[in-house]
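What follows is a short report on a single structure.
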Amino acid sequence: MPTSTLFPLREEPLAPAAGRHGPVLWLQRVVILSQLDPTAVIRDISFRLGLNIIKTKQMKARGGPVAGHSLGKTLLMRMIRYTLGEQHFGTQDTQDNLASTLGLENAHVVAQWNVQGEDWTVIRPLSADHAADSYAVPSDDWQAAITTHDGKIPHKDFVLRVQDAMLSELPQFSLPRGREARWLDILAWLSRDYQCGYRKANEWRHDDANPGSPLDRDENSLIMQWVMGLMNADEVELRLKHGKLLKDRGYLKTSAEQIQRRLETLWEPLRETLELGDEAEMDGDQPSFDSVNPVTVANKKVRSLTGLRSERVAESKIAKLQEEYAIAQQAVMDAAAAVGDCQGRIKLITQQIAEYESDPTKPFARCQADPCWIKERAKRTAKDPARDSHLDDFREKLEAVEKQIKVERQSKKALERSAAAARDALTDEEKRLAKELSGINQKIGQWKGVAKEALRLDALAKSVSQAAKKLKKADSDVENSLKTLDELRKKYHRKLRKFSSVYDQVLKEIFGPTATGDIQVDGNGLHPAPDKRLAPAGAAMSVMTTVLAFDVSCLAASVYGIGHHPRFLLHDSPREGDMEGPLFGRLFEIVEELESKFDSSHNVSFQYIVTTTSEPPKHLASPKGPYVIETLDATTDDGLLMRKRF
């Protein structure tokens, strides 16, 4: 091809960075086994530094099998990702079909990786049930790694080694969701899946690819900024603080909205209850209490009703009737005492009469004394001439007392009737007052409840005011944080300008000298910004400008010492790229040109692996290599990745 002008930066010519002798990691070999046996090879593919093309055999459009799809390109890319730590190498259907359709329930994928100059062989079962049996061996001999297991470690430990190698030059960075960024977040960018559609630079995985829990697009933009060295430790710390500010502001906003809704719900019925007029209308986002305060109104109502209750008690006849009833009860008690006195006197007189009428000597008939003076005295008493006179006196007294008791009993009955009447009058008055006070007490209780609601309203109104102030301060803090971040980003202007120049030149190489573009960094991360004049050509143009050209620019920038991209990149046959074969071909030429800047193929500091259904440019398409490392063929089963159809 003609002498290239790729990256002829006027201000500062770029050359491969002297200190970057190879990719942070690169793939040397992939072997697919029907079982864990070095002799059970289904497919053995060797990879190289620089450009690696996996293409499909071109066919004339005469019907028959599809030339470019369902050959295993995507499956191979996913197996590569699988050896680097992804949980799955395909959908559940794909995994099931390997076992049920192809009978490969014991199949394994073996990958030889170089991680910071150290060779590793990774061995993973393709059965989801045995994924935990994955392991890695520090060896460049995959056959020996299977048979000897020397230095064998769990696969997860190998992934941690890759992560340590990848993150060693990057500042610690926590995502807005709260966890630290990790290797698998970066791998998703380095190995876009074709199902993502290559629509956006920050869109890497589609749910159909069974990706687990991918990041959202904003987080992806931050990952790209971080990896490309446009976010240092200070900015990471500021971003953490900024993320917390955003989170706190979101909480304050949600809290303020909830309080406001409760306030509005409570205010209108309370306003009606208080019978407040226009002077207590909502002012802005909270009630205005300049002229009237609901708490004061409610408490005034309670005091008024409490006073009314006291007045009603004072105005009632209860005190007078209680006094009259007490007097009547006392009179009844006095009458009862008089009757009791009469009854006692009657009993005494009756006993005295009985004694005079009986034989006085009879009680002493058995007296043995001789003479018995008691008996003698009783005889003298019996012969007392005044005995009859005494009996007459007693009988007169008895008659008088009996007349008196009749009078006392009649008086007592009359007094009891009077007391009962007084009691009934008192009871009626108590019932009347209780009924009257019941309504007042009910209203007092209601207004006390209203007073509580008014207090709650007042507290809510104050809370809304406080929340508004806090939210205003939070908005100010967020704005100041963004300004601080912007000021810090200005320090990276030179690095960003160099990065943008690389991207601009890649676009010019693909579309011509009038094409332009730059890289932008804002509060949401890193974004490619091609000239809008490139967009009208359709989806293929957009894919090329905002995704493929951008990814290759990131790879090239890292080759030239910009950022910390590991200089390892996988592109899985973007279908939109297939629609514009010449554009896709120019991308291959750009990568080939980047590779040509190294004095030896062994010194190339990047690896780019791409699958394509379009034929690469002729000088790159030779099946003998070095760039085409595998050709898949739909015309025969042997030409398929797994050498069987499923």
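In the structure tokens, chains take letters A, B, ... by order of appearance, with residues numbered from 1 within each chain and ligands from 1 in the order shown.
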Which residues are near Val547 of chain A? Cut-off 9 Å, only C-alpha atoms, ignore same chain within fewer than 2 positions. Put them as a PyMOL selection string.
chain A and resi 198-202+528+542-545+549-552
Could you write out that same residue set with N, CA and C atoms as a PDB file, in the first residue's frame?
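Once written, part-v6.pdb looks like this:
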```pdb
ATOM      1  N   TYR A 198     -22.871  -2.579  18.106  1.00  0.00           N
ATOM      2  CA  TYR A 198     -21.864  -1.557  17.804  1.00  0.00           C
ATOM      3  C   TYR A 198     -22.517  -0.195  17.554  1.00  0.00           C
ATOM      4  N   ARG A 199     -23.531   0.099  18.369  1.00  0.00           N
ATOM      5  CA  ARG A 199     -24.267   1.346  18.155  1.00  0.00           C
ATOM      6  C   ARG A 199     -23.630   2.526  18.883  1.00  0.00           C
ATOM      7  N   LYS A 200     -23.134   2.259  20.080  1.00  0.00           N
ATOM      8  CA  LYS A 200     -22.578   3.324  20.913  1.00  0.00           C
ATOM      9  C   LYS A 200     -21.201   2.914  21.416  1.00  0.00           C
ATOM     10  N   ALA A 201     -20.343   3.902  21.581  1.00  0.00           N
ATOM     11  CA  ALA A 201     -19.009   3.604  22.096  1.00  0.00           C
ATOM     12  C   ALA A 201     -19.069   3.031  23.504  1.00  0.00           C
ATOM     13  N   ASN A 202     -20.069   3.413  24.268  1.00  0.00           N
ATOM     14  CA  ASN A 202     -20.172   2.956  25.657  1.00  0.00           C
ATOM     15  C   ASN A 202     -21.221   1.854  25.837  1.00  0.00           C
ATOM     16  N   PRO A 528     -16.375   9.692  22.181  1.00  0.00           N
ATOM     17  CA  PRO A 528     -15.887  10.114  20.871  1.00  0.00           C
ATOM     18  C   PRO A 528     -16.894  11.080  20.251  1.00  0.00           C
ATOM     19  N   SER A 542     -21.912   5.318  11.148  1.00  0.00           N
ATOM     20  CA  SER A 542     -21.938   5.616  12.577  1.00  0.00           C
ATOM     21  C   SER A 542     -21.143   4.586  13.357  1.00  0.00           C
ATOM     22  N   VAL A 543     -21.299   3.311  12.998  1.00  0.00           N
ATOM     23  CA  VAL A 543     -20.547   2.252  13.658  1.00  0.00           C
ATOM     24  C   VAL A 543     -19.051   2.481  13.490  1.00  0.00           C
ATOM     25  N   MET A 544     -18.651   2.850  12.286  1.00  0.00           N
ATOM     26  CA  MET A 544     -17.234   3.045  12.015  1.00  0.00           C
ATOM     27  C   MET A 544     -16.678   4.232  12.791  1.00  0.00           C
ATOM     28  N   THR A 545     -17.427   5.353  12.826  1.00  0.00           N
ATOM     29  CA  THR A 545     -16.897   6.571  13.447  1.00  0.00           C
ATOM     30  C   THR A 545     -16.913   6.513  14.960  1.00  0.00           C
ATOM     31  N   ALA A 549     -13.588   2.871  14.795  1.00  0.00           N
ATOM     32  CA  ALA A 549     -12.472   3.811  14.701  1.00  0.00           C
ATOM     33  C   ALA A 549     -12.054   4.301  16.081  1.00  0.00           C
ATOM     34  N   PHE A 550     -13.026   4.477  16.957  1.00  0.00           N
ATOM     35  CA  PHE A 550     -12.715   4.916  18.322  1.00  0.00           C
ATOM     36  C   PHE A 550     -11.901   3.863  19.062  1.00  0.00           C
ATOM     37  N   ASP A 551     -12.337   2.587  19.001  1.00  0.00           N
ATOM     38  CA  ASP A 551     -11.605   1.526  19.701  1.00  0.00           C
ATOM     39  C   ASP A 551     -10.173   1.413  19.188  1.00  0.00           C
ATOM     40  N   VAL A 552     -10.009   1.452  17.865  1.00  0.00           N
ATOM     41  CA  VAL A 552      -8.665   1.349  17.296  1.00  0.00           C
ATOM     42  C   VAL A 552      -7.834   2.571  17.685  1.00  0.00           C
TER      43      VAL A 552
END
```
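The environment of segment 599-615 of chain A within 6 Å, counting only C-alpha atoms and disregarding residues fewer than 6 places along the same chain, consists of His21, Gly22, Pro23, Leu49, Gly50, Leu51, Asn52, Ile53, Ile54, Lys55, Thr56, Gly68, Arg567, Phe568, Leu569, Leu570, His571, Asp572, Ser573, Asp578 and Gly581 of chain A.
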In Å, with one decimal, what is the gap from atom CA of Leu160 of chain A to atom CA of Pro214 of chain A?
18.7 Å
Filtered DSSP result for segment 415-600 of chain A, state strand (DSSP E or B), as JSON, numbers by chain:
{"A": [517, 518, 519, 520, 521, 522, 525, 526, 527, 528, 529, 530, 568, 569, 570, 571, 572]}
Mind writing the picked residues with N, CA, C and O atoms as a PDB file, in the first residue's frame?
```pdb
ATOM      1  N   GLY A 517     -12.738  14.758  13.936  1.00  0.00           N
ATOM      2  CA  GLY A 517     -13.361  14.271  15.162  1.00  0.00           C
ATOM      3  C   GLY A 517     -12.440  14.504  16.337  1.00  0.00           C
ATOM      4  O   GLY A 517     -11.238  14.732  16.162  1.00  0.00           O
ATOM      5  N   ASP A 518     -12.991  14.495  17.508  1.00  0.00           N
ATOM      6  CA  ASP A 518     -12.155  14.613  18.702  1.00  0.00           C
ATOM      7  C   ASP A 518     -12.744  13.784  19.831  1.00  0.00           C
ATOM      8  O   ASP A 518     -13.821  13.210  19.702  1.00  0.00           O
ATOM      9  N   ILE A 519     -11.991  13.728  20.912  1.00  0.00           N
ATOM     10  CA  ILE A 519     -12.412  12.986  22.104  1.00  0.00           C
ATOM     11  C   ILE A 519     -12.808  14.007  23.159  1.00  0.00           C
ATOM     12  O   ILE A 519     -12.072  14.965  23.416  1.00  0.00           O
ATOM     13  N   GLN A 520     -13.953  13.782  23.766  1.00  0.00           N
ATOM     14  CA  GLN A 520     -14.442  14.707  24.780  1.00  0.00           C
ATOM     15  C   GLN A 520     -14.545  14.005  26.129  1.00  0.00           C
ATOM     16  O   GLN A 520     -14.859  12.811  26.193  1.00  0.00           O
ATOM     17  N   VAL A 521     -14.264  14.766  27.169  1.00  0.00           N
ATOM     18  CA  VAL A 521     -14.420  14.276  28.539  1.00  0.00           C
ATOM     19  C   VAL A 521     -15.290  15.265  29.289  1.00  0.00           C
ATOM     20  O   VAL A 521     -15.029  16.470  29.276  1.00  0.00           O
ATOM     21  N   ASP A 522     -16.362  14.771  29.896  1.00  0.00           N
ATOM     22  CA  ASP A 522     -17.239  15.633  30.685  1.00  0.00           C
ATOM     23  C   ASP A 522     -17.581  14.926  31.995  1.00  0.00           C
ATOM     24  O   ASP A 522     -16.946  13.931  32.354  1.00  0.00           O
ATOM     25  N   GLY A 525     -17.995  11.142  31.749  1.00  0.00           N
ATOM     26  CA  GLY A 525     -16.951  10.256  31.276  1.00  0.00           C
ATOM     27  C   GLY A 525     -16.417  10.661  29.916  1.00  0.00           C
ATOM     28  O   GLY A 525     -16.474  11.829  29.514  1.00  0.00           O
ATOM     29  N   LEU A 526     -15.897   9.658  29.195  1.00  0.00           N
ATOM     30  CA  LEU A 526     -15.218   9.881  27.916  1.00  0.00           C
ATOM     31  C   LEU A 526     -16.149   9.536  26.757  1.00  0.00           C
ATOM     32  O   LEU A 526     -16.869   8.520  26.799  1.00  0.00           O
ATOM     33  N   HIS A 527     -16.118  10.357  25.683  1.00  0.00           N
ATOM     34  CA  HIS A 527     -16.998  10.152  24.533  1.00  0.00           C
ATOM     35  C   HIS A 527     -16.280  10.528  23.241  1.00  0.00           C
ATOM     36  O   HIS A 527     -15.632  11.584  23.179  1.00  0.00           O
ATOM     37  N   PRO A 528     -16.375   9.692  22.181  1.00  0.00           N
ATOM     38  CA  PRO A 528     -15.887  10.114  20.871  1.00  0.00           C
ATOM     39  C   PRO A 528     -16.894  11.080  20.251  1.00  0.00           C
ATOM     40  O   PRO A 528     -18.107  10.915  20.416  1.00  0.00           O
ATOM     41  N   ALA A 529     -16.372  12.086  19.548  1.00  0.00           N
ATOM     42  CA  ALA A 529     -17.257  13.079  18.929  1.00  0.00           C
ATOM     43  C   ALA A 529     -16.831  13.307  17.481  1.00  0.00           C
ATOM     44  O   ALA A 529     -16.113  14.261  17.168  1.00  0.00           O
ATOM     45  N   PRO A 530     -17.249  12.415  16.549  1.00  0.00           N
ATOM     46  CA  PRO A 530     -16.933  12.624  15.140  1.00  0.00           C
ATOM     47  C   PRO A 530     -17.722  13.799  14.584  1.00  0.00           C
ATOM     48  O   PRO A 530     -18.772  14.164  15.114  1.00  0.00           O
ATOM     49  N   PHE A 568      -4.784  -4.678  23.896  1.00  0.00           N
ATOM     50  CA  PHE A 568      -5.389  -5.942  23.482  1.00  0.00           C
ATOM     51  C   PHE A 568      -6.832  -5.633  23.123  1.00  0.00           C
ATOM     52  O   PHE A 568      -7.557  -5.002  23.892  1.00  0.00           O
ATOM     53  N   LEU A 569      -7.269  -6.065  21.916  1.00  0.00           N
ATOM     54  CA  LEU A 569      -8.599  -5.676  21.444  1.00  0.00           C
ATOM     55  C   LEU A 569      -9.206  -6.789  20.606  1.00  0.00           C
ATOM     56  O   LEU A 569      -8.546  -7.369  19.733  1.00  0.00           O
ATOM     57  N   LEU A 570     -10.483  -7.108  20.882  1.00  0.00           N
ATOM     58  CA  LEU A 570     -11.256  -8.092  20.110  1.00  0.00           C
ATOM     59  C   LEU A 570     -12.454  -7.399  19.486  1.00  0.00           C
ATOM     60  O   LEU A 570     -13.183  -6.679  20.177  1.00  0.00           O
ATOM     61  N   HIS A 571     -12.667  -7.618  18.190  1.00  0.00           N
ATOM     62  CA  HIS A 571     -13.885  -7.146  17.528  1.00  0.00           C
ATOM     63  C   HIS A 571     -14.552  -8.331  16.847  1.00  0.00           C
ATOM     64  O   HIS A 571     -13.938  -8.986  15.990  1.00  0.00           O
ATOM     65  N   ASP A 572     -15.787  -8.590  17.262  1.00  0.00           N
ATOM     66  CA  ASP A 572     -16.506  -9.755  16.749  1.00  0.00           C
ATOM     67  C   ASP A 572     -17.416  -9.341  15.592  1.00  0.00           C
ATOM     68  O   ASP A 572     -18.561  -8.938  15.801  1.00  0.00           O
TER      69      ASP A 572
END
```
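In this comparison, which uses only C-alpha atoms, the residue of A:Arg43, A:His155, A:His564, A:Arg645 approaching Leu230 of chain A most closely is A:His564.
Separating atom CA of Leu126 of chain A from atom CA of Phe89 of chain A is a distance of 7.9 Å.
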Please report as JSON lines every residue of segment 511-588 of chain A lying within 10 Å of segment 165-184 of chain A, along with the nearest atom pair and their distance in Å (one decimal), using only C-alpha atoms.
```
{"residue": "A:Gly563", "atom": "CA", "partner": "A:Leu170", "partner_atom": "CA", "distance": 9.2}
{"residue": "A:His564", "atom": "CA", "partner": "A:Glu169", "partner_atom": "CA", "distance": 7.1}
{"residue": "A:His565", "atom": "CA", "partner": "A:Met166", "partner_atom": "CA", "distance": 8.6}
{"residue": "A:Pro566", "atom": "CA", "partner": "A:Met166", "partner_atom": "CA", "distance": 6.8}
```
Got time to write the residues from that selection, all heavy atoms, as a compact mmCIF listing (two decimals), in the first residue's frame?
```txt
# COMPACT_ATOMS: atom_id res chain seq x y z
N GLY A 563 -2.29 6.91 27.99
CA GLY A 563 -3.24 6.11 28.76
C GLY A 563 -2.71 4.74 29.11
O GLY A 563 -1.53 4.42 28.93
N HIS A 564 -3.61 3.89 29.61
CA HIS A 564 -3.23 2.57 30.12
C HIS A 564 -4.05 1.46 29.49
O HIS A 564 -4.27 0.41 30.11
CB HIS A 564 -3.38 2.54 31.65
CG HIS A 564 -2.64 3.64 32.34
ND1 HIS A 564 -1.27 3.65 32.44
CD2 HIS A 564 -3.07 4.78 32.93
CE1 HIS A 564 -0.89 4.74 33.08
NE2 HIS A 564 -1.96 5.45 33.39
N HIS A 565 -4.54 1.69 28.27
CA HIS A 565 -5.21 0.62 27.52
C HIS A 565 -4.23 -0.56 27.41
O HIS A 565 -3.04 -0.37 27.11
CB HIS A 565 -5.58 1.15 26.14
CG HIS A 565 -6.47 0.24 25.35
ND1 HIS A 565 -6.05 -0.97 24.85
CD2 HIS A 565 -7.77 0.38 24.96
CE1 HIS A 565 -7.04 -1.54 24.18
NE2 HIS A 565 -8.09 -0.74 24.24
N PRO A 566 -4.66 -1.80 27.67
CA PRO A 566 -3.72 -2.93 27.66
C PRO A 566 -3.21 -3.30 26.27
O PRO A 566 -2.41 -4.22 26.13
CB PRO A 566 -4.53 -4.07 28.29
CG PRO A 566 -5.95 -3.72 27.98
CD PRO A 566 -6.02 -2.21 28.06
```
Across A:Lys57, A:Lys508, A:Lys597, A:Lys469, the smallest distance to Ala17 of chain A, with only C-alpha atoms counted, is shown by A:Lys597
Name all residues at most 9 Å from Arg312 of chain A (count only C-alpha atoms; drop same-chain ones fewer than 4 positions away) and give them as a VMD selection string.
chain A and resid 307 to 308 316 433 436 to 437
Convert the current residue selection to file output with C-alpha atoms, as an mmCIF file, in the first residue's frame.
```cif
data_model
loop_
_atom_site.group_PDB
_atom_site.id
_atom_site.type_symbol
_atom_site.label_atom_id
_atom_site.label_comp_id
_atom_site.auth_asym_id
_atom_site.auth_seq_id
_atom_site.Cartn_x
_atom_site.Cartn_y
_atom_site.Cartn_z
ATOM 1 C CA GLY A 307 -64.150 26.999 79.227
ATOM 2 C CA LEU A 308 -67.616 26.224 77.867
ATOM 3 C CA SER A 316 -76.091 23.244 86.279
ATOM 4 C CA LEU A 433 -75.308 17.608 82.038
ATOM 5 C CA GLU A 436 -74.487 18.187 77.188
ATOM 6 C CA LEU A 437 -70.838 17.730 78.194
#
```
12 Å contact set for Glu257 of chain A, only C-alpha atoms, chain neighbours under 3 positions out, as a PyMOL selection string
chain A and resi 250-254+260-264+285-286+460+463-465+467-468+471
Nearest to Arg345 of chain A, chosen from A:Ile186, A:Leu321, A:Ile405, A:Val313, with only C-alpha atoms counted in the distances:
A:Ile405
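Ranking A:Glu453, A:Gly229, A:His242, A:Glu408 by their shortest atom-to-atom distance to Thr484 of chain A, with only C-alpha atoms included, puts A:His242 first.
Among A:Ser304, A:Asn480, A:Ser34, A:Gln163, the residue with the shortest atom-to-atom distance to Leu102 of chain A, counting only C-alpha atoms, is A:Ser34.
Taking atom CA of Ile590 of chain A and atom CA of Pro617 of chain A as endpoints, the distance between them is 11.4 Å.
Shortest separation to Thr91 of chain A among A:Lys413, A:His206, A:Arg124, A:His130 occurs at residue A:His206, atoms counted being only C-alpha atoms.
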Nearby residues (only C-alpha atoms) at most 12 Å from Lys317 of chain A, same-chain spacing under 4 positions excluded, as number ranges by chain:
A: 312-313, 321-325, 422, 425-433
Go ahead and save the residues from that selection, with N, CA and C atoms, as a short mmCIF file (atom, residue, chain, number, x, y, z; two decimals), in the first residue's frame.
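Dumped to out.cif:
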```cif
data_model
loop_
_atom_site.label_atom_id
_atom_site.label_comp_id
_atom_site.auth_asym_id
_atom_site.auth_seq_id
_atom_site.Cartn_x
_atom_site.Cartn_y
_atom_site.Cartn_z
N ARG A 312 -70.83 25.23 81.70
CA ARG A 312 -72.02 24.36 81.77
C ARG A 312 -72.11 23.64 83.10
N VAL A 313 -70.98 23.23 83.64
CA VAL A 313 -70.97 22.57 84.95
C VAL A 313 -71.39 23.55 86.03
N LEU A 321 -78.79 20.39 94.01
CA LEU A 321 -79.51 19.12 94.17
C LEU A 321 -78.70 18.14 95.01
N GLN A 322 -77.39 18.18 94.88
CA GLN A 322 -76.56 17.33 95.73
C GLN A 322 -76.72 17.69 97.20
N GLU A 323 -76.80 19.02 97.46
CA GLU A 323 -76.99 19.47 98.85
C GLU A 323 -78.35 19.03 99.38
N GLU A 324 -79.41 19.23 98.57
CA GLU A 324 -80.76 18.83 98.99
C GLU A 324 -80.84 17.33 99.22
N TYR A 325 -80.20 16.59 98.36
CA TYR A 325 -80.21 15.14 98.51
C TYR A 325 -79.47 14.72 99.77
N ALA A 422 -85.28 13.75 95.63
CA ALA A 422 -84.05 14.54 95.49
C ALA A 422 -83.00 13.77 94.70
N ALA A 425 -84.02 13.76 91.04
CA ALA A 425 -83.77 15.08 90.44
C ALA A 425 -82.28 15.25 90.16
N LEU A 426 -81.45 14.79 91.13
CA LEU A 426 -80.01 14.88 90.93
C LEU A 426 -79.57 14.00 89.76
N THR A 427 -80.11 12.79 89.69
CA THR A 427 -79.75 11.87 88.60
C THR A 427 -80.15 12.45 87.25
N ASP A 428 -81.35 13.01 87.18
CA ASP A 428 -81.80 13.61 85.91
C ASP A 428 -80.89 14.76 85.49
N GLU A 429 -80.51 15.57 86.48
CA GLU A 429 -79.65 16.70 86.16
C GLU A 429 -78.26 16.22 85.73
N GLU A 430 -77.74 15.16 86.39
CA GLU A 430 -76.44 14.61 86.00
C GLU A 430 -76.49 14.04 84.58
N LYS A 431 -77.58 13.35 84.26
CA LYS A 431 -77.72 12.80 82.91
C LYS A 431 -77.79 13.93 81.87
N ARG A 432 -78.57 14.94 82.22
CA ARG A 432 -78.70 16.06 81.28
C ARG A 432 -77.34 16.73 81.05
N LEU A 433 -76.60 16.96 82.14
CA LEU A 433 -75.31 17.61 82.04
C LEU A 433 -74.31 16.72 81.30
#
```
Shell around Glu118 of chain A at 12 Å using only C-alpha atoms, local window under 5 positions removed, as a list in words:
Gly22, Pro23, Val24, Leu25, Trp26, Leu27, Gln28, Gln112, Trp113, Val137, Pro138, Ser139, Asp140, Phe158, Arg161, Val162 and Ala165 of chain A
Dump of N, CA, C and O atoms for the selected residues, as a compact mmCIF listing (two decimals), in the first residue's frame:
```txt
# COMPACT_ATOMS: atom_id res chain seq x y z
N GLY A 22 5.29 -4.74 24.88
CA GLY A 22 4.28 -5.71 24.45
C GLY A 22 2.97 -5.39 25.12
O GLY A 22 2.90 -4.56 26.03
N PRO A 23 1.87 -6.01 24.68
CA PRO A 23 0.59 -5.79 25.35
C PRO A 23 0.66 -6.26 26.80
O PRO A 23 1.48 -7.12 27.16
N VAL A 24 -0.20 -5.68 27.63
CA VAL A 24 -0.26 -6.16 29.02
C VAL A 24 -0.62 -7.64 29.03
O VAL A 24 -0.09 -8.42 29.83
N LEU A 25 -1.50 -8.04 28.12
CA LEU A 25 -1.77 -9.46 27.91
C LEU A 25 -2.05 -9.67 26.43
O LEU A 25 -2.55 -8.77 25.76
N TRP A 26 -1.71 -10.84 25.94
CA TRP A 26 -2.05 -11.16 24.56
C TRP A 26 -2.22 -12.66 24.41
O TRP A 26 -1.65 -13.45 25.17
N LEU A 27 -3.02 -13.04 23.43
CA LEU A 27 -3.41 -14.44 23.23
C LEU A 27 -2.44 -15.10 22.25
O LEU A 27 -2.20 -14.59 21.15
N GLN A 28 -1.90 -16.26 22.65
CA GLN A 28 -0.96 -17.00 21.80
C GLN A 28 -1.62 -18.17 21.08
O GLN A 28 -1.26 -18.49 19.95
N GLN A 112 -3.64 -20.22 25.63
CA GLN A 112 -2.32 -19.82 26.09
C GLN A 112 -2.25 -18.31 26.09
O GLN A 112 -2.42 -17.67 25.05
N TRP A 113 -2.01 -17.73 27.27
CA TRP A 113 -1.98 -16.28 27.43
C TRP A 113 -0.59 -15.85 27.87
O TRP A 113 0.09 -16.57 28.62
N VAL A 137 -2.19 -22.94 34.51
CA VAL A 137 -0.85 -23.45 34.81
C VAL A 137 0.16 -22.47 34.21
O VAL A 137 0.01 -22.05 33.06
N PRO A 138 1.19 -22.08 34.94
CA PRO A 138 2.22 -21.18 34.38
C PRO A 138 3.12 -21.93 33.39
O PRO A 138 4.18 -22.45 33.75
N SER A 139 2.67 -22.00 32.13
CA SER A 139 3.38 -22.78 31.13
C SER A 139 3.04 -22.28 29.74
O SER A 139 1.93 -21.79 29.49
N ASP A 140 3.99 -22.42 28.79
CA ASP A 140 3.71 -22.09 27.39
C ASP A 140 3.46 -23.36 26.58
O ASP A 140 3.36 -23.32 25.36
N PHE A 158 -5.98 -17.02 38.57
CA PHE A 158 -5.38 -16.51 37.33
C PHE A 158 -6.04 -15.19 36.94
O PHE A 158 -5.36 -14.23 36.54
N ARG A 161 -4.67 -12.43 38.83
CA ARG A 161 -3.35 -12.03 38.34
C ARG A 161 -3.49 -11.11 37.13
O ARG A 161 -2.76 -10.13 37.00
N VAL A 162 -4.43 -11.46 36.25
CA VAL A 162 -4.69 -10.59 35.10
C VAL A 162 -5.17 -9.23 35.59
O VAL A 162 -4.74 -8.18 35.09
N ALA A 165 -2.32 -7.21 36.92
CA ALA A 165 -1.49 -6.69 35.83
C ALA A 165 -2.18 -5.53 35.13
O ALA A 165 -1.55 -4.52 34.80
```
